[in-house]
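Undergrad: This is final-v3.csv, which holds CSV, C-alpha atoms:
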```csv
chain,number,residue,atom,x,y,z
A,1,MET,CA,121.9,-19.9,45.4
A,2,ASP,CA,120.9,-19.8,49.0
A,3,ASN,CA,124.5,-19.0,49.9
A,4,VAL,CA,124.5,-15.8,47.9
A,5,GLN,CA,124.6,-12.8,50.3
A,6,GLU,CA,122.9,-9.6,49.5
A,7,PRO,CA,125.1,-6.5,49.3
A,8,ALA,CA,125.1,-4.4,52.5
A,9,SER,CA,123.1,-1.2,52.4
A,10,PRO,CA,125.2,1.9,52.3
A,11,GLU,CA,125.4,4.0,55.5
A,12,PRO,CA,123.7,7.4,55.5
A,13,ALA,CA,126.0,10.1,54.3
A,14,ALA,CA,127.2,12.6,56.8
A,15,SER,CA,125.6,16.1,56.7
A,16,SER,CA,127.3,18.6,54.5
A,17,ALA,CA,128.0,20.9,57.5
A,18,GLU,CA,129.9,18.1,59.2
A,19,ALA,CA,131.6,16.8,56.2
A,20,THR,CA,132.6,20.2,54.6
A,21,PRO,CA,134.8,22.4,56.8
A,22,VAL,CA,134.0,26.1,57.0
A,23,GLY,CA,135.7,27.9,54.3
A,24,LEU,CA,137.6,31.2,54.5
A,25,ARG,CA,134.6,33.2,53.2
A,26,GLY,CA,132.4,31.7,55.9
A,27,GLN,CA,135.0,32.5,58.6
A,28,ILE,CA,135.2,36.1,57.4
A,29,GLY,CA,131.4,36.4,57.5
A,30,ALA,CA,131.3,35.0,61.0
A,31,VAL,CA,133.9,37.4,62.1
A,32,ARG,CA,132.1,40.3,60.4
A,33,ASP,CA,128.8,39.4,62.1
A,34,ALA,CA,130.6,39.2,65.5
A,35,ILE,CA,132.2,42.6,64.9
A,36,ARG,CA,128.8,44.0,63.9
A,37,ARG,CA,127.2,42.6,67.1
A,38,LEU,CA,130.0,43.9,69.2
A,39,LEU,CA,129.8,47.4,67.7
A,40,GLY,CA,126.0,47.4,68.1
A,41,ALA,CA,126.5,46.5,71.8
A,42,HIS,CA,129.0,49.3,72.2
A,43,VAL,CA,126.6,51.8,70.6
A,44,GLU,CA,123.8,50.7,72.8
A,45,LEU,CA,126.0,51.0,75.9
A,46,ALA,CA,127.1,54.5,74.7
A,47,LYS,CA,123.5,55.5,74.3
A,48,VAL,CA,122.6,54.3,77.8
A,49,GLU,CA,125.6,56.0,79.4
A,50,ALA,CA,124.9,59.2,77.4
A,51,GLY,CA,121.3,59.2,78.7
A,52,GLU,CA,122.6,58.7,82.3
A,53,ILE,CA,125.2,61.5,81.9
A,54,ALA,CA,122.5,63.8,80.4
A,55,GLY,CA,120.3,63.1,83.4
A,56,GLU,CA,123.2,63.9,85.8
A,57,ILE,CA,124.0,67.1,84.0
A,58,GLY,CA,120.3,68.2,84.1
A,59,ARG,CA,120.1,67.3,87.8
A,60,ALA,CA,123.3,69.3,88.5
A,61,ALA,CA,122.1,72.2,86.5
A,62,LEU,CA,118.8,72.2,88.4
A,63,LEU,CA,120.6,72.1,91.7
A,64,GLY,CA,123.0,74.8,90.6
A,65,GLY,CA,120.1,77.0,89.5
A,66,ILE,CA,118.5,76.5,92.9
A,67,ALA,CA,121.7,77.4,94.7
A,68,PHE,CA,122.2,80.5,92.5
A,69,GLY,CA,118.6,81.6,93.1
A,70,CYS,CA,119.0,81.3,96.8
A,71,LEU,CA,122.3,83.3,96.8
A,72,LEU,CA,120.6,85.9,94.7
A,73,MET,CA,117.7,86.1,97.1
A,74,VAL,CA,120.2,86.5,100.0
A,75,GLY,CA,122.0,89.2,98.1
A,76,LEU,CA,118.8,91.1,97.7
A,77,LEU,CA,117.3,90.5,101.2
A,78,LEU,CA,120.4,91.5,103.1
A,79,PRO,CA,120.7,95.1,101.8
A,80,ILE,CA,116.9,95.6,101.7
A,81,GLY,CA,116.5,94.2,105.2
A,82,LEU,CA,119.4,96.4,106.4
A,83,LEU,CA,117.8,99.5,104.9
A,84,LEU,CA,114.5,98.7,106.5
A,85,PHE,CA,116.2,98.0,109.8
A,86,LEU,CA,118.2,101.2,109.8
A,87,GLY,CA,115.1,103.2,108.8
A,88,ASP,CA,113.1,101.8,111.7
A,89,TRP,CA,116.0,102.0,114.2
A,90,LEU,CA,117.5,105.4,113.4
A,91,LEU,CA,114.5,107.2,112.0
A,92,GLY,CA,111.6,105.5,113.6
A,93,SER,CA,109.9,104.3,110.5
A,94,ILE,CA,110.4,101.5,107.9
A,95,GLY,CA,109.0,103.8,105.3
A,96,TRP,CA,112.0,106.1,105.6
A,97,GLY,CA,114.2,103.1,105.0
A,98,VAL,CA,112.4,102.4,101.7
A,99,VAL,CA,112.4,106.0,100.6
A,100,LEU,CA,116.0,106.8,101.5
A,101,GLY,CA,117.3,103.5,100.3
A,102,SER,CA,115.6,103.9,96.9
A,103,LEU,CA,117.1,107.4,96.6
A,104,ALA,CA,120.5,106.2,97.6
A,105,LEU,CA,120.4,103.5,94.9
A,106,LEU,CA,119.3,106.0,92.3
A,107,ASP,CA,122.1,108.3,93.3
A,108,VAL,CA,124.6,105.5,92.9
A,109,ALA,CA,123.2,104.7,89.4
A,110,VAL,CA,123.3,108.3,88.3
A,111,LEU,CA,126.8,109.0,89.6
A,112,ALA,CA,128.1,105.7,88.1
A,113,VAL,CA,126.9,107.0,84.7
A,114,LEU,CA,128.5,110.3,85.2
A,115,VAL,CA,131.8,108.7,86.1
A,116,ALA,CA,131.5,106.4,83.1
A,117,VAL,CA,131.1,109.4,80.7
A,118,GLY,CA,134.2,111.0,82.1
A,119,VAL,CA,132.9,113.5,84.8
A,120,PRO,CA,135.9,114.1,87.2
A,121,ARG,CA,135.6,112.4,90.5
A,122,GLY,CA,136.8,115.6,92.2
A,123,ARG,CA,133.8,117.4,90.8
A,124,ILE,CA,131.4,114.7,92.1
A,125,GLY,CA,133.1,114.8,95.5
A,126,ARG,CA,132.7,118.6,95.6
A,127,ASP,CA,129.0,118.3,94.7
A,128,PHE,CA,128.5,115.8,97.5
A,129,LEU,CA,130.0,118.2,100.0
A,130,ILE,CA,127.7,120.9,98.8
A,131,ALA,CA,124.7,118.6,99.1
A,132,LEU,CA,125.9,117.4,102.5
A,133,ALA,CA,126.1,121.0,103.8
A,134,ILE,CA,122.6,121.7,102.5
A,135,GLY,CA,121.3,118.6,104.2
A,136,ILE,CA,122.9,119.4,107.5
A,137,LEU,CA,121.5,122.9,107.5
A,138,VAL,CA,118.0,121.6,106.7
A,139,ALA,CA,118.1,119.0,109.4
A,140,ALA,CA,119.4,121.4,112.0
A,141,GLY,CA,116.8,124.0,111.1
A,142,LEU,CA,114.0,121.5,111.3
A,143,MET,CA,115.2,120.0,114.6
A,144,LEU,CA,115.4,123.5,116.1
A,145,THR,CA,112.0,124.7,114.9
A,146,LEU,CA,109.4,122.2,113.9
A,147,THR,CA,110.3,118.6,114.2
A,148,GLY,CA,112.1,116.1,116.5
A,149,ALA,CA,115.5,114.7,116.0
A,150,ARG,CA,114.5,111.6,114.0
A,151,LEU,CA,112.2,113.4,111.6
A,152,GLY,CA,114.7,116.3,111.1
A,153,THR,CA,117.5,113.8,110.4
A,154,ALA,CA,115.4,111.8,108.0
A,155,LEU,CA,114.5,115.0,106.1
A,156,GLY,CA,118.1,116.2,106.1
A,157,ILE,CA,119.2,112.9,104.6
A,158,PHE,CA,116.4,113.1,102.0
A,159,VAL,CA,117.6,116.6,101.0
A,160,LEU,CA,121.2,115.3,100.8
A,161,LEU,CA,120.2,112.5,98.5
A,162,VAL,CA,118.2,114.7,96.3
A,163,ALA,CA,120.6,117.6,96.2
A,164,TRP,CA,123.7,115.5,95.3
A,165,PRO,CA,122.6,114.2,91.9
A,166,VAL,CA,121.0,117.6,91.1
A,167,ALA,CA,124.2,119.4,91.9
A,168,ALA,CA,126.2,116.9,89.8
A,169,GLY,CA,123.8,117.3,86.9
A,170,TYR,CA,124.0,121.0,87.1
A,171,GLY,CA,127.8,120.9,87.1
A,172,VAL,CA,127.7,118.7,84.0
A,173,ALA,CA,125.2,121.0,82.3
A,174,ARG,CA,127.4,124.0,83.1
A,175,GLY,CA,130.9,122.5,82.4
A,176,GLY,CA,129.9,120.0,79.8
A,177,ILE,CA,131.6,116.7,79.1
A,178,ASP,CA,134.9,116.4,77.4
A,179,THR,CA,133.7,114.5,74.3
A,180,GLU,CA,137.2,114.4,72.8
A,181,ALA,CA,138.6,112.6,75.9
A,182,LEU,CA,135.5,110.3,75.8
A,183,ARG,CA,136.1,109.5,72.2
A,184,THR,CA,139.7,108.7,72.8
A,185,ARG,CA,138.8,106.3,75.6
A,186,PHE,CA,136.7,104.2,73.2
A,187,TYR,CA,138.6,104.7,69.9
A,188,PRO,CA,141.4,102.3,69.1
A,189,ALA,CA,143.7,105.1,67.8
A,190,ARG,CA,147.0,103.2,68.5
A,191,THR,CA,145.8,100.1,66.8
A,192,ILE,CA,144.6,102.0,63.7
A,193,GLU,CA,147.8,104.0,63.4
A,194,THR,CA,150.0,100.8,63.8
A,195,THR,CA,147.9,99.1,61.2
A,196,LYS,CA,148.3,102.0,58.8
A,197,GLU,CA,152.1,102.0,59.4
A,198,THR,CA,152.2,98.2,58.7
A,199,ILE,CA,150.3,98.5,55.5
A,200,GLU,CA,152.5,101.3,54.3
A,201,TRP,CA,155.6,99.3,55.2
A,202,VAL,CA,154.3,96.3,53.2
A,203,ARG,CA,153.4,98.5,50.3
A,204,GLU,CA,156.9,100.0,50.1
A,205,ARG,CA,158.5,96.6,50.0
A,206,THR,CA,156.1,95.2,47.4
A,207,PRO,CA,157.2,95.6,43.8
A,208,LEU,CA,153.8,96.7,42.6
A,209,GLY,CA,153.4,99.1,45.4
A,210,ARG,CA,156.7,100.9,44.9
A,211,LYS,CA,156.6,104.4,43.5
A,212,SER,CA,158.2,104.8,40.1
```
Please go through the file and, once you have read it, give me the structure as structure tokens.

TA:
Amino acid sequence: MDNVQEPASPEPAASSAEATPVGLRGQIGAVRDAIRRLLGAHVELAKVEAGEIAGEIGRAALLGGIAFGCLLMVGLLLPIGLLLFLGDWLLGSIGWGVVLGSLALLDVAVLAVLVAVGVPRGRIGRDFLIALAIGILVAAGLMLTLTGARLGTALGIFVLLVAWPVAAGYGVARGGIDTEALRTRFYPARTIETTKETIEWVRERTPLGRKS
């Protein structure tokens, strides 16, 4: 009985993960998870890059706005400074530059409106010559009688800049504006007539539109 050997104890079974190979469903799940993580990484990268691009766009817009503002200031300072310089240099006072420059800009605005509504340029040119003659006469009379050359010139230019739009407005009030020509300029007559002709052409060739 002493020679009887006890049966050997069984070895521990291998783990199920090691013993059982990954099935097709598990592989698909792993691939799906990997794809999901990859897409998430791409989305996060896109968000980061979009934020960086938005920052660059905002910075460029800010710098562009600063550049535009500086150019606008230059565009304003140059003519204003020129008017003040000419007023001081030619007429002896910066104030004349302000007054005459403002009148000149108002004249340009008024005459631009008159041209836009169809006042002939020849009439505006004729009114300018009339105003110029009046200004020269005023300047010459003042220089010969009461004032010096600079003040007489300044007052003559002042009269010119006042008389020009006044003469142009008087000419418009007297001769009127060709409203028919103005309406023609802003009325699409050819387009409307062509459309009517096209509609009539289609109607004639449509069975329901033919006349019995």

Undergrad: Which neighbours of range 128-139 of chain A fall inside 12 Å, counting only C-alpha atoms, when residues of the same chain fewer than 6 positions from it are skipped, and could you give them as a VMD selection string?

TA: chain A and resid 107 to 108 111 121 to 122 145 to 169 171

Undergrad: So that I can see what lies close to range 173-188 of chain A, please list as a VMD selection string the residues with an atom at most 10 Å from it, counting all atoms listed in the file and leaving out residues fewer than 2 positions away in the same chain.

TA: chain A and resid 114 116 to 120 167 to 171 190 to 193

Undergrad: Give me, please, the distance in Å between CA of Val110 in chain A and CA of Asp127 in chain A, quoted to one decimal.

TA: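 Between CA of Val110 in chain A and CA of Asp127 in chain A the gap works out to 13.2 Å.
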
Undergrad: Between CA of Gly101 in chain A and CA of Asp88 in chain A, measure the distance and give it in Å to one decimal.

TA: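 Between these atoms lies a distance of 12.3 Å.
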
Undergrad: Measure the distance from CA of Arg126 in chain A to CA of Val172 in chain A in Å and round it to one decimal.

TA: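 Separation of CA of Arg126 in chain A and CA of Val172 in chain A: 12.6 Å.
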
Undergrad: Would you list the residues near (112.5, 98.5, 102.3) (no more than 7 Å away, in the coordinates of the file, using all atoms listed in the file) as a list in words?

TA: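 Within 7 Å of (112.5, 98.5, 102.3), the protein and nucleic acid residues are Ile80, Gly81, Leu83, Leu84, Ile94, Gly97 and Val98 of chain A.
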